[in-house]
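Heads up, my_file_36.txt below (compact mmCIF, C-alpha atoms):
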```txt
# COMPACT_ATOMS: atom_id res chain seq x y z
CA MET A 179 0.00 0.00 0.00
CA ASN A 180 2.92 2.34 0.61
CA ARG A 181 3.93 1.92 -3.00
CA PHE A 182 0.41 2.93 -4.00
CA TRP A 183 0.64 6.28 -2.27
CA ILE A 184 4.12 6.81 -3.62
CA LEU A 185 2.78 6.32 -7.11
CA ILE A 186 -0.13 8.67 -6.49
CA ILE A 187 2.27 11.34 -5.26
CA ILE A 188 4.53 10.82 -8.27
CA TYR A 189 1.55 11.19 -10.55
CA PHE A 190 0.48 14.49 -9.02
CA LEU A 191 4.06 15.71 -9.12
CA ILE A 192 4.10 15.00 -12.81
CA ILE A 193 0.81 16.81 -13.22
CA ALA A 194 2.08 19.74 -11.19
CA THR A 195 5.25 20.10 -13.25
CA THR A 196 3.40 19.95 -16.54
CA LEU A 197 0.40 22.00 -15.42
CA PRO A 198 1.63 25.33 -16.87
CA LEU A 199 1.68 23.77 -20.31
CA PHE A 200 -2.02 23.12 -20.37
CA ALA A 201 -3.41 25.50 -17.80
CA ALA A 202 -5.18 27.42 -20.55
CA ASP A 203 -6.08 26.34 -24.05
CA GLU A 204 -4.72 28.43 -26.87
CA SER A 205 -7.30 30.51 -28.66
CA VAL A 206 -7.37 32.03 -32.11
CA THR A 207 -9.73 34.63 -33.49
CA VAL A 208 -10.19 36.46 -36.76
CA ASN A 209 -9.85 40.22 -36.46
CA ASN A 210 -9.93 41.05 -40.16
CA ASN A 211 -10.51 39.12 -43.33
CA LEU A 212 -8.25 39.57 -46.35
CA THR A 213 -10.24 42.08 -48.36
CA PHE A 214 -9.41 42.90 -51.97
CA GLY A 215 -12.36 45.22 -52.48
CA THR A 216 -13.35 45.98 -56.05
CA MET A 217 -11.19 44.65 -58.87
CA PHE A 218 -11.15 45.23 -62.58
CA PRO A 219 -11.00 42.25 -64.93
CA GLY A 220 -7.46 41.80 -66.17
CA ILE A 221 -5.86 43.88 -63.43
CA PRO A 222 -4.24 41.91 -60.57
CA LYS A 223 -4.55 43.40 -57.10
CA THR A 224 -2.14 42.89 -54.23
CA ILE A 225 -2.94 43.45 -50.57
CA ASP A 226 0.25 43.77 -48.55
CA LYS A 227 0.50 42.18 -45.11
CA SER A 228 0.98 45.65 -43.64
CA SER A 229 -2.25 46.91 -45.21
CA ALA A 230 -5.42 47.57 -43.27
CA ASN A 231 -7.07 45.16 -45.72
CA ALA A 232 -4.73 42.29 -44.81
CA ALA A 233 -6.11 39.37 -42.84
CA GLU A 234 -5.40 39.63 -39.12
CA PHE A 235 -5.60 36.86 -36.54
CA SER A 236 -5.08 36.96 -32.77
CA ILE A 237 -3.71 33.99 -30.87
CA GLY A 238 -4.16 33.78 -27.11
CA GLY A 239 -2.85 31.39 -24.48
CA ASP A 240 -0.14 31.13 -21.87
CA ALA A 241 2.56 33.73 -22.21
CA GLY A 242 5.89 32.16 -23.05
CA ALA A 243 4.39 28.94 -24.34
CA GLU A 244 5.53 27.87 -27.78
CA VAL A 245 2.93 27.31 -30.47
CA THR A 246 2.93 26.19 -34.04
CA ILE A 247 0.92 28.15 -36.59
CA ASP A 248 -0.27 26.52 -39.78
CA PHE A 249 -2.23 28.11 -42.59
CA SER A 250 -4.50 26.27 -44.96
CA LEU A 251 -4.58 28.62 -47.92
CA PRO A 252 -6.83 28.67 -50.97
CA THR A 253 -5.53 28.78 -54.53
CA TYR A 254 -8.75 30.24 -55.92
CA LEU A 255 -11.49 32.57 -54.83
CA SER A 256 -14.88 31.42 -56.02
CA SER A 257 -18.11 33.03 -57.04
CA GLY A 258 -20.55 30.27 -57.79
CA SER A 259 -18.89 28.14 -60.44
CA ASN A 260 -16.39 30.87 -61.38
CA ASN A 261 -12.88 30.86 -59.98
CA MET A 262 -10.25 33.55 -59.67
CA GLN A 263 -6.62 32.80 -58.87
CA ILE A 264 -5.19 33.98 -55.57
CA ILE A 265 -1.50 33.96 -54.70
CA PHE A 266 0.09 33.96 -51.25
CA PHE A 267 3.72 34.96 -51.37
CA THR A 268 6.45 33.16 -49.45
CA ASP A 269 7.17 36.38 -47.58
CA GLY A 270 3.56 37.44 -47.24
CA CYS A 271 3.05 36.82 -43.53
CA ALA A 272 4.06 38.65 -40.35
CA VAL A 273 3.78 37.91 -36.62
CA ASP A 274 4.02 40.24 -33.64
CA SER A 275 4.32 39.13 -30.02
CA ASN A 276 4.11 42.55 -28.39
CA SER A 277 1.18 43.59 -26.26
CA THR A 278 0.68 46.47 -28.68
CA PRO A 279 1.01 44.77 -32.07
CA ASN A 280 2.77 46.80 -34.73
CA GLN A 281 1.62 45.80 -38.18
CA SER A 282 4.04 48.11 -39.97
CA SER A 283 7.05 46.86 -38.01
CA PRO A 284 6.19 43.43 -36.63
CA THR A 285 8.46 41.33 -34.44
CA TYR A 286 8.75 38.67 -37.14
CA ASP A 287 8.39 39.83 -40.73
CA ASP A 288 8.42 38.39 -44.25
CA LEU A 289 7.38 34.92 -43.12
CA ASN A 290 6.35 32.07 -45.37
CA PRO A 291 2.70 31.21 -44.71
CA TRP A 292 3.10 27.93 -46.61
CA GLN A 293 5.36 26.60 -43.85
CA THR A 294 4.72 25.87 -40.20
CA LEU A 295 5.58 28.89 -38.09
CA THR A 296 6.76 28.34 -34.51
CA TYR A 297 6.86 31.16 -31.97
CA ASP A 298 6.44 31.83 -28.27
CA LEU A 299 3.28 33.54 -27.15
CA GLY A 300 3.81 37.05 -25.85
CA SER A 301 2.09 38.55 -22.84
CA SER A 302 -0.89 39.24 -25.07
CA GLY A 303 -0.39 36.25 -27.30
CA LEU A 304 0.48 36.70 -30.95
CA THR A 305 -0.95 38.73 -33.78
CA VAL A 306 -0.64 37.30 -37.29
CA TRP A 307 -1.10 39.13 -40.60
CA ILE A 308 -1.21 37.76 -44.09
CA GLY A 309 -1.58 39.48 -47.46
CA GLY A 310 -2.13 38.10 -50.93
CA LYS A 311 -2.68 38.80 -54.59
CA ALA A 312 -5.84 38.17 -56.59
CA VAL A 313 -5.52 37.75 -60.34
CA PRO A 314 -8.77 38.29 -62.24
CA GLY A 315 -8.73 37.28 -65.88
CA PHE A 316 -9.53 39.67 -68.70
CA ARG A 317 -12.92 38.06 -69.04
CA GLN A 318 -13.40 37.34 -65.35
CA PRO A 319 -17.16 37.23 -64.73
CA ALA A 320 -18.37 39.95 -62.42
CA GLY A 321 -19.31 38.92 -58.92
CA THR A 322 -18.26 38.57 -55.29
CA TYR A 323 -15.48 36.04 -54.89
CA THR A 324 -14.52 34.42 -51.60
CA ALA A 325 -12.50 31.57 -50.10
CA ASP A 326 -11.59 30.29 -46.64
CA ILE A 327 -8.28 30.93 -44.92
CA ILE A 328 -7.89 28.44 -42.08
CA LEU A 329 -5.40 29.09 -39.28
CA THR A 330 -4.56 26.24 -36.91
CA VAL A 331 -2.62 26.81 -33.69
CA GLN A 332 -1.16 24.18 -31.42
CA TYR A 333 1.03 24.18 -28.32
CA THR A 334 4.30 22.38 -28.81
CA GLY A 335 4.61 21.59 -25.08
CA LEU A 336 7.72 23.73 -24.71
CA MET B 186 -2.78 -15.07 -8.50
CA ASN B 187 -1.10 -12.69 -6.07
CA PHE B 188 -3.89 -10.38 -4.80
CA SER B 189 -1.59 -7.79 -3.18
CA ARG B 190 0.30 -7.34 -6.45
CA ILE B 191 -2.97 -6.52 -8.26
CA ARG B 192 -3.85 -3.84 -5.71
CA ILE B 193 -0.53 -2.16 -6.29
CA GLN B 194 -0.75 -2.20 -10.09
CA PHE B 195 -4.28 -0.88 -10.30
CA PRO B 196 -3.51 2.71 -9.18
CA VAL B 197 -0.53 2.69 -11.49
CA VAL B 198 -2.78 1.92 -14.41
CA VAL B 199 -5.32 4.54 -13.30
CA ALA B 200 -2.63 7.15 -12.86
CA LEU B 201 -1.15 6.49 -16.29
CA LEU B 202 -4.55 6.56 -17.93
CA CYS B 203 -5.41 9.86 -16.25
CA PHE B 204 -2.13 11.33 -17.39
CA VAL B 205 -2.53 10.13 -20.94
CA LEU B 206 -6.18 11.11 -21.24
CA PHE B 207 -6.11 14.47 -19.49
CA GLY B 208 -2.49 15.56 -19.38
CA VAL B 209 -1.16 14.70 -22.81
CA GLY B 210 -4.51 15.37 -24.42
CA ASN B 211 -4.54 18.94 -23.23
CA ILE B 212 -0.94 19.64 -24.13
CA TYR B 213 -1.52 18.90 -27.80
CA ALA B 214 -4.98 20.37 -28.22
CA GLN B 215 -5.43 22.36 -31.44
CA GLN B 216 -7.41 25.48 -32.10
CA ALA B 217 -8.41 26.47 -35.60
CA VAL B 218 -10.26 29.42 -37.00
CA THR B 219 -11.52 30.20 -40.47
CA GLY B 220 -11.12 33.65 -41.95
CA SER B 221 -11.73 34.53 -45.54
CA ALA B 222 -10.32 36.25 -48.59
CA ASP B 223 -12.90 38.31 -50.43
CA GLY B 224 -13.02 40.42 -53.53
CA VAL B 225 -15.55 41.89 -55.89
CA VAL B 226 -14.81 41.67 -59.59
CA LEU B 227 -16.40 44.41 -61.63
CA ALA B 228 -18.04 43.99 -65.01
CA ALA B 229 -15.76 42.89 -67.82
CA ILE B 230 -15.42 45.13 -70.86
CA THR B 231 -17.38 44.25 -73.95
CA LEU B 232 -16.89 45.95 -77.30
CA ALA B 233 -19.24 46.30 -80.21
CA ALA B 234 -18.79 47.75 -83.67
CA THR B 235 -22.21 49.34 -83.70
CA GLU B 236 -21.70 51.04 -87.06
CA ASN B 237 -19.04 50.60 -89.74
CA LEU B 238 -17.24 53.51 -91.35
CA ASP B 239 -19.02 53.62 -94.66
CA PHE B 240 -17.72 55.73 -97.54
CA GLY B 241 -20.55 54.79 -99.90
CA ASP B 242 -19.86 55.19 -103.58
CA VAL B 243 -16.50 56.66 -104.50
CA PHE B 244 -15.45 58.04 -107.90
CA GLN B 245 -12.04 57.33 -109.39
CA GLY B 246 -9.67 60.18 -108.77
CA VAL B 247 -12.01 61.93 -106.31
CA PRO B 248 -11.04 61.68 -102.65
CA LYS B 249 -13.95 61.29 -100.26
CA THR B 250 -14.11 62.27 -96.60
CA VAL B 251 -16.63 60.98 -94.11
CA ALA B 252 -16.82 63.28 -91.12
CA ARG B 253 -16.95 61.88 -87.60
CA THR B 254 -20.40 63.49 -87.46
CA ALA B 255 -21.77 61.67 -90.52
CA THR B 256 -24.97 59.73 -90.06
CA GLY B 257 -26.16 59.55 -93.67
CA THR B 258 -27.78 56.56 -95.28
CA ASP B 259 -24.82 55.81 -97.52
CA THR B 260 -22.00 57.50 -95.65
CA THR B 261 -21.70 56.97 -91.94
CA ALA B 262 -19.08 57.49 -89.29
CA ALA B 263 -17.96 54.39 -87.45
CA ILE B 264 -19.51 53.88 -84.01
CA PHE B 265 -17.83 51.69 -81.42
CA THR B 266 -19.55 50.98 -78.12
CA ILE B 267 -17.46 50.19 -75.04
CA THR B 268 -19.49 48.67 -72.21
CA GLY B 269 -18.25 47.94 -68.70
CA GLU B 270 -18.09 49.41 -65.21
CA ALA B 271 -19.49 52.91 -65.00
CA GLU B 272 -16.84 55.61 -64.51
CA ALA B 273 -13.96 53.11 -64.70
CA GLY B 274 -10.83 54.38 -66.41
CA VAL B 275 -9.76 52.59 -69.56
CA THR B 276 -6.92 52.54 -72.01
CA ALA B 277 -7.95 52.36 -75.66
CA GLN B 278 -6.11 52.05 -78.94
CA PHE B 279 -7.10 51.90 -82.57
CA VAL B 280 -5.30 49.93 -85.21
CA LEU B 281 -6.18 51.81 -88.38
CA PRO B 282 -5.81 50.61 -91.93
CA GLU B 283 -3.65 52.47 -94.46
CA TYR B 284 -5.47 50.90 -97.39
CA LEU B 285 -8.83 49.43 -98.17
CA SER B 286 -8.62 46.31 -100.30
CA SER B 287 -10.87 44.78 -102.88
CA SER B 288 -11.48 41.09 -103.38
CA GLY B 289 -9.50 41.42 -106.61
CA GLY B 290 -6.40 42.49 -104.70
CA ALA B 291 -6.52 46.24 -105.49
CA ASN B 292 -5.76 48.74 -102.75
CA MET B 293 -7.16 52.21 -102.12
CA LEU B 294 -5.49 54.71 -99.85
CA CYS B 295 -7.28 55.38 -96.56
CA ALA B 296 -6.33 58.04 -94.00
CA PHE B 297 -7.45 59.41 -90.68
CA SER B 298 -6.81 62.96 -89.57
CA ALA B 299 -5.93 64.19 -86.10
CA THR B 300 -9.51 65.38 -85.58
CA ASP B 301 -11.43 62.38 -86.90
CA MET B 302 -12.55 60.98 -83.55
CA ALA B 303 -15.14 61.96 -80.96
CA ILE B 304 -16.02 60.24 -77.70
CA ASP B 305 -19.36 60.40 -75.92
CA THR B 306 -19.52 59.36 -72.27
CA SER B 307 -22.99 60.77 -71.68
CA GLY B 308 -24.67 57.72 -73.13
CA THR B 309 -27.11 59.79 -75.13
CA LYS B 310 -25.37 61.30 -78.13
CA THR B 311 -24.96 60.40 -81.77
CA PRO B 312 -22.05 61.32 -84.05
CA LEU B 313 -24.02 64.33 -85.15
CA THR B 314 -25.02 65.61 -81.71
CA VAL B 315 -21.95 64.94 -79.59
CA VAL B 316 -20.20 68.05 -78.26
CA ALA B 317 -17.15 68.62 -76.12
CA GLY B 318 -19.19 68.59 -72.92
CA ASP B 319 -20.27 65.03 -73.63
CA GLY B 320 -16.70 63.77 -73.63
CA TRP B 321 -14.18 64.66 -76.28
CA VAL B 322 -14.47 65.85 -79.88
CA ASP B 323 -11.93 66.40 -82.66
CA GLN B 324 -9.50 63.89 -81.23
CA ASP B 325 -6.66 62.03 -82.89
CA PRO B 326 -7.74 58.38 -83.22
CA ARG B 327 -4.12 57.34 -82.84
CA ASN B 328 -3.98 58.87 -79.38
CA PHE B 329 -6.95 58.50 -77.08
CA PRO B 330 -7.30 61.27 -74.50
CA ALA B 331 -6.06 60.93 -70.94
CA GLY B 332 -8.92 60.36 -68.56
CA MET B 333 -10.72 58.11 -70.99
CA GLN B 334 -13.41 56.27 -69.10
CA ILE B 335 -16.53 54.19 -69.46
CA GLY B 336 -19.66 56.30 -69.29
CA GLY B 337 -20.36 58.34 -66.20
CA LEU B 338 -22.38 58.02 -63.05
CA GLY B 339 -24.81 55.17 -63.71
CA ILE B 340 -23.83 55.06 -67.40
CA VAL B 341 -22.13 51.83 -68.35
CA PHE B 342 -21.00 52.55 -71.90
CA THR B 343 -18.99 54.97 -73.96
CA SER B 344 -19.39 55.57 -77.69
CA VAL B 345 -16.49 56.32 -80.00
CA PHE B 346 -17.21 58.00 -83.33
CA LEU B 347 -14.70 57.84 -86.15
CA GLY B 348 -14.52 59.45 -89.55
CA GLY B 349 -11.93 59.06 -92.29
CA LYS B 350 -10.91 59.68 -95.87
CA VAL B 351 -10.30 57.47 -98.87
CA THR B 352 -8.30 58.50 -101.93
CA PRO B 353 -9.05 56.41 -105.01
CA SER B 354 -6.61 56.77 -107.84
CA LEU B 355 -7.55 57.85 -111.35
CA PHE B 356 -7.32 54.23 -112.42
CA GLN B 357 -8.71 52.64 -109.28
CA PRO B 358 -10.32 49.31 -110.24
CA ALA B 359 -14.04 49.23 -109.62
CA GLY B 360 -15.21 47.09 -106.75
CA THR B 361 -16.05 46.91 -103.09
CA TYR B 362 -13.16 47.85 -100.82
CA SER B 363 -12.83 47.19 -97.12
CA GLY B 364 -10.30 47.24 -94.31
CA ASP B 365 -10.31 46.34 -90.63
CA ILE B 366 -10.48 48.99 -87.91
CA ILE B 367 -9.46 47.31 -84.68
CA LEU B 368 -10.25 48.84 -81.29
CA THR B 369 -8.59 47.45 -78.17
CA VAL B 370 -9.76 48.55 -74.74
CA SER B 371 -8.66 47.53 -71.26
CA TYR B 372 -9.19 48.79 -67.74
CA ASN B 373 -6.35 50.85 -66.35
CA GLY B 374 -7.35 50.36 -62.74
CA THR B 375 -8.64 53.86 -62.09
```
Take the structure in the file and write it out as structure tokens.
Amino acid sequence: MNRFWILIIIYFLIIATTLPLFAADESVTVNNNLTFGTMFPGIPKTIDKSSANAAEFSIGGDAGAEVTIDFSLPTYLSSGSNNMQIIFFTDGCAVDSNSTPNQSSPTYDDLNPWQTLTYDLGSSGLTVWIGGKAVPGFRQPAGTYTADIILTVQYTGL
Amino acid sequence: MNFSRIRIQFPVVVALLCFVLFGVGNIYAQQAVTGSADGVVLAAITLAATENLDFGDVFQGVPKTVARTATGTDTTAAIFTITGEAEAGVTAQFVLPEYLSSSGGANMLCAFSATDMAIDTSGTKTPLTVVAGDGWVDQDPRNFPAGMQIGGLGIVFTSVFLGGKVTPSLFQPAGTYSGDIILTVSYNGT
């Protein structure tokens, strides 16, 4: 029976030492969508990651905890059965860990949104921006085009 | 079976299960959110040759001019209609023929002066009635004016009127002559 209590104590010690890692779930919210506004057929339009029309996400959780950030990015915007190409550049993402995020001069700039990004959460989490380029064809049918941008965040345990 | 050994192992199993189910599970929990990319594509440009530049009958050795204002039954100015997004800026360019050709292979000189084009953005005018306030008049068809746009507020088309001149020679073979006038228009993003 003594061994039983020893094991129970060991278990709670393990829990206690790992508790900070999962004391609070990470959270992620959409602050802004990537908005291209009106576009003329045949004229590509680029929204920079530092633009007010760039997509902005906020990630919350335990300060100092490391997280991975993965984008699932579309290759087309759609309007019914019509598609329009969208391009995300390999330096089209930025991340800021400051409590007052600075979009024009972020902590981590020119990041590749096609790769997994790994950063520590700041005191106010992380703010993530991403821009892109839409390429309407010369005979692109008029309409409102849209596509999903999915951001997945996960603690690494570090 | 050793009963005391079972009583010792049981809490071990419970402890490990709790750790795996609650501890490890929470450490690797994922959060995902879906934003969007959105854009509105405006109307594409469509072009129509509403009226051909028609010189009618031409006599050998007698040059004939069709004014950009001509709307006669046998001589008419060309009318091109550009349709698209109201008030959108466009870039336009004519490719103009230097000769009209007959099916027999004869050529007849064709020319366009620096005042042979007019542009109506009011959506209401004809070659005969268009004035400067409706857009542009007396323009060089080789050089469209800066600020060229489609229509105006709530008007989704612009009309381009074009005149020209043919110069048949004294020995110009009789026949029907024609040549292509090509208009290219694209949005300029303004």
Handout entry: Top pick for closest residue to chain B, considering A:Val331, A:Pro291, A:Val306, A:Leu336 and counting all atoms listed in the file
Key = A:Val331
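Residues lying within 10 Å of Leu285 of chain B, counting all atoms listed in the file and ignoring same-chain neighbours fewer than 2 positions away, are Pro282, Glu283, Ser287, Gly290, Ala291, Asn292, Met293, Leu294, Cys295, Ala296, Val351, Thr352, Pro353, Thr361, Tyr362, Ser363, Gly364 and Asp365 of chain B.
Using only C-alpha atoms, the chain A residues found within 6 Å of chain B amount to Phe182, Phe200, Val208, Asn211, Leu212, Thr213, Phe214, Gly215, Thr216, Met217, Phe218, Pro219, Arg317, Ala320, Gly321, Thr322, Tyr323, Thr324, Ala325, Asp326, Ile327, Ile328, Leu329, Thr330, Val331, Gln332, Tyr333 and Gly335 of chain A.
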Selection above as a file: C-alpha atoms, as a short mmCIF file (atom, residue, chain, number, x, y, z; two decimals), keeping the file's coordinate frame:
```
data_model
loop_
_atom_site.label_atom_id
_atom_site.label_comp_id
_atom_site.auth_asym_id
_atom_site.auth_seq_id
_atom_site.Cartn_x
_atom_site.Cartn_y
_atom_site.Cartn_z
CA PHE A 182 0.41 2.93 -4.00
CA PHE A 200 -2.02 23.12 -20.37
CA VAL A 208 -10.19 36.46 -36.76
CA ASN A 211 -10.51 39.12 -43.33
CA LEU A 212 -8.25 39.57 -46.35
CA THR A 213 -10.24 42.08 -48.36
CA PHE A 214 -9.41 42.90 -51.97
CA GLY A 215 -12.36 45.22 -52.48
CA THR A 216 -13.35 45.98 -56.05
CA MET A 217 -11.19 44.65 -58.87
CA PHE A 218 -11.15 45.23 -62.58
CA PRO A 219 -11.00 42.25 -64.93
CA ARG A 317 -12.92 38.06 -69.04
CA ALA A 320 -18.37 39.95 -62.42
CA GLY A 321 -19.31 38.92 -58.92
CA THR A 322 -18.26 38.57 -55.29
CA TYR A 323 -15.48 36.04 -54.89
CA THR A 324 -14.52 34.42 -51.60
CA ALA A 325 -12.50 31.57 -50.10
CA ASP A 326 -11.59 30.29 -46.64
CA ILE A 327 -8.28 30.93 -44.92
CA ILE A 328 -7.89 28.44 -42.08
CA LEU A 329 -5.40 29.09 -39.28
CA THR A 330 -4.56 26.24 -36.91
CA VAL A 331 -2.62 26.81 -33.69
CA GLN A 332 -1.16 24.18 -31.42
CA TYR A 333 1.03 24.18 -28.32
CA GLY A 335 4.61 21.59 -25.08
#
```
Handout entry: Neighbour list for Leu232 of chain B as a VMD selection string, cut-off 7 Å, all atoms listed in the file, skip fewer than 3 positions in-chain
Key = chain B and resid 266 to 268
Problem - Spatial neighbours of Ser283 of chain A, max dist 12 Å, only C-alpha atoms, sep filter under 4 positions, as a PyMOL selection string - result: chain A and resi 227-229+272-276+278-279+287-288+307
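Distance-wise, atom CA of Asn328 of chain B and atom CA of Phe279 of chain B end up 8.3 Å apart.
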Please export segment 282-293 of chain A as a PDB file, in the first residue's frame, restricted to N, CA, C and O atoms.
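File produced: part_32.pdb:
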```pdb
ATOM      1  N   SER A 282       3.073  47.554 -39.027  1.00  0.00           N
ATOM      2  CA  SER A 282       4.044  48.111 -39.972  1.00  0.00           C
ATOM      3  C   SER A 282       5.472  47.698 -39.633  1.00  0.00           C
ATOM      4  O   SER A 282       6.350  47.755 -40.489  1.00  0.00           O
ATOM      5  N   SER A 283       5.714  47.316 -38.396  1.00  0.00           N
ATOM      6  CA  SER A 283       7.052  46.862 -38.008  1.00  0.00           C
ATOM      7  C   SER A 283       6.910  45.704 -37.017  1.00  0.00           C
ATOM      8  O   SER A 283       7.208  45.833 -35.833  1.00  0.00           O
ATOM      9  N   PRO A 284       6.467  44.561 -37.515  1.00  0.00           N
ATOM     10  CA  PRO A 284       6.187  43.433 -36.627  1.00  0.00           C
ATOM     11  C   PRO A 284       7.459  42.772 -36.106  1.00  0.00           C
ATOM     12  O   PRO A 284       8.542  42.952 -36.676  1.00  0.00           O
ATOM     13  N   THR A 285       7.312  42.022 -35.037  1.00  0.00           N
ATOM     14  CA  THR A 285       8.458  41.326 -34.441  1.00  0.00           C
ATOM     15  C   THR A 285       9.094  40.371 -35.438  1.00  0.00           C
ATOM     16  O   THR A 285      10.313  40.265 -35.550  1.00  0.00           O
ATOM     17  N   TYR A 286       8.263  39.632 -36.151  1.00  0.00           N
ATOM     18  CA  TYR A 286       8.749  38.665 -37.145  1.00  0.00           C
ATOM     19  C   TYR A 286       8.101  39.008 -38.482  1.00  0.00           C
ATOM     20  O   TYR A 286       6.884  38.983 -38.589  1.00  0.00           O
ATOM     21  N   ASP A 287       8.928  39.334 -39.466  1.00  0.00           N
ATOM     22  CA  ASP A 287       8.385  39.833 -40.732  1.00  0.00           C
ATOM     23  C   ASP A 287       8.797  38.925 -41.897  1.00  0.00           C
ATOM     24  O   ASP A 287       9.727  38.112 -41.776  1.00  0.00           O
ATOM     25  N   ASP A 288       8.098  39.107 -43.004  1.00  0.00           N
ATOM     26  CA  ASP A 288       8.420  38.388 -44.249  1.00  0.00           C
ATOM     27  C   ASP A 288       8.453  36.873 -44.045  1.00  0.00           C
ATOM     28  O   ASP A 288       9.393  36.193 -44.475  1.00  0.00           O
ATOM     29  N   LEU A 289       7.455  36.352 -43.410  1.00  0.00           N
ATOM     30  CA  LEU A 289       7.384  34.920 -43.117  1.00  0.00           C
ATOM     31  C   LEU A 289       6.652  34.181 -44.227  1.00  0.00           C
ATOM     32  O   LEU A 289       5.815  34.757 -44.932  1.00  0.00           O
ATOM     33  N   ASN A 290       6.957  32.909 -44.334  1.00  0.00           N
ATOM     34  CA  ASN A 290       6.348  32.068 -45.371  1.00  0.00           C
ATOM     35  C   ASN A 290       5.092  31.395 -44.802  1.00  0.00           C
ATOM     36  O   ASN A 290       5.205  30.505 -43.952  1.00  0.00           O
ATOM     37  N   PRO A 291       3.928  31.797 -45.270  1.00  0.00           N
ATOM     38  CA  PRO A 291       2.700  31.213 -44.712  1.00  0.00           C
ATOM     39  C   PRO A 291       2.453  29.780 -45.161  1.00  0.00           C
ATOM     40  O   PRO A 291       1.538  29.131 -44.669  1.00  0.00           O
ATOM     41  N   TRP A 292       3.261  29.315 -46.136  1.00  0.00           N
ATOM     42  CA  TRP A 292       3.103  27.933 -46.607  1.00  0.00           C
ATOM     43  C   TRP A 292       3.843  26.953 -45.710  1.00  0.00           C
ATOM     44  O   TRP A 292       3.756  25.745 -45.913  1.00  0.00           O
ATOM     45  N   GLN A 293       4.632  27.473 -44.764  1.00  0.00           N
ATOM     46  CA  GLN A 293       5.365  26.603 -43.854  1.00  0.00           C
ATOM     47  C   GLN A 293       4.836  26.763 -42.439  1.00  0.00           C
ATOM     48  O   GLN A 293       4.225  27.780 -42.107  1.00  0.00           O
TER      49      GLN A 293
END
```
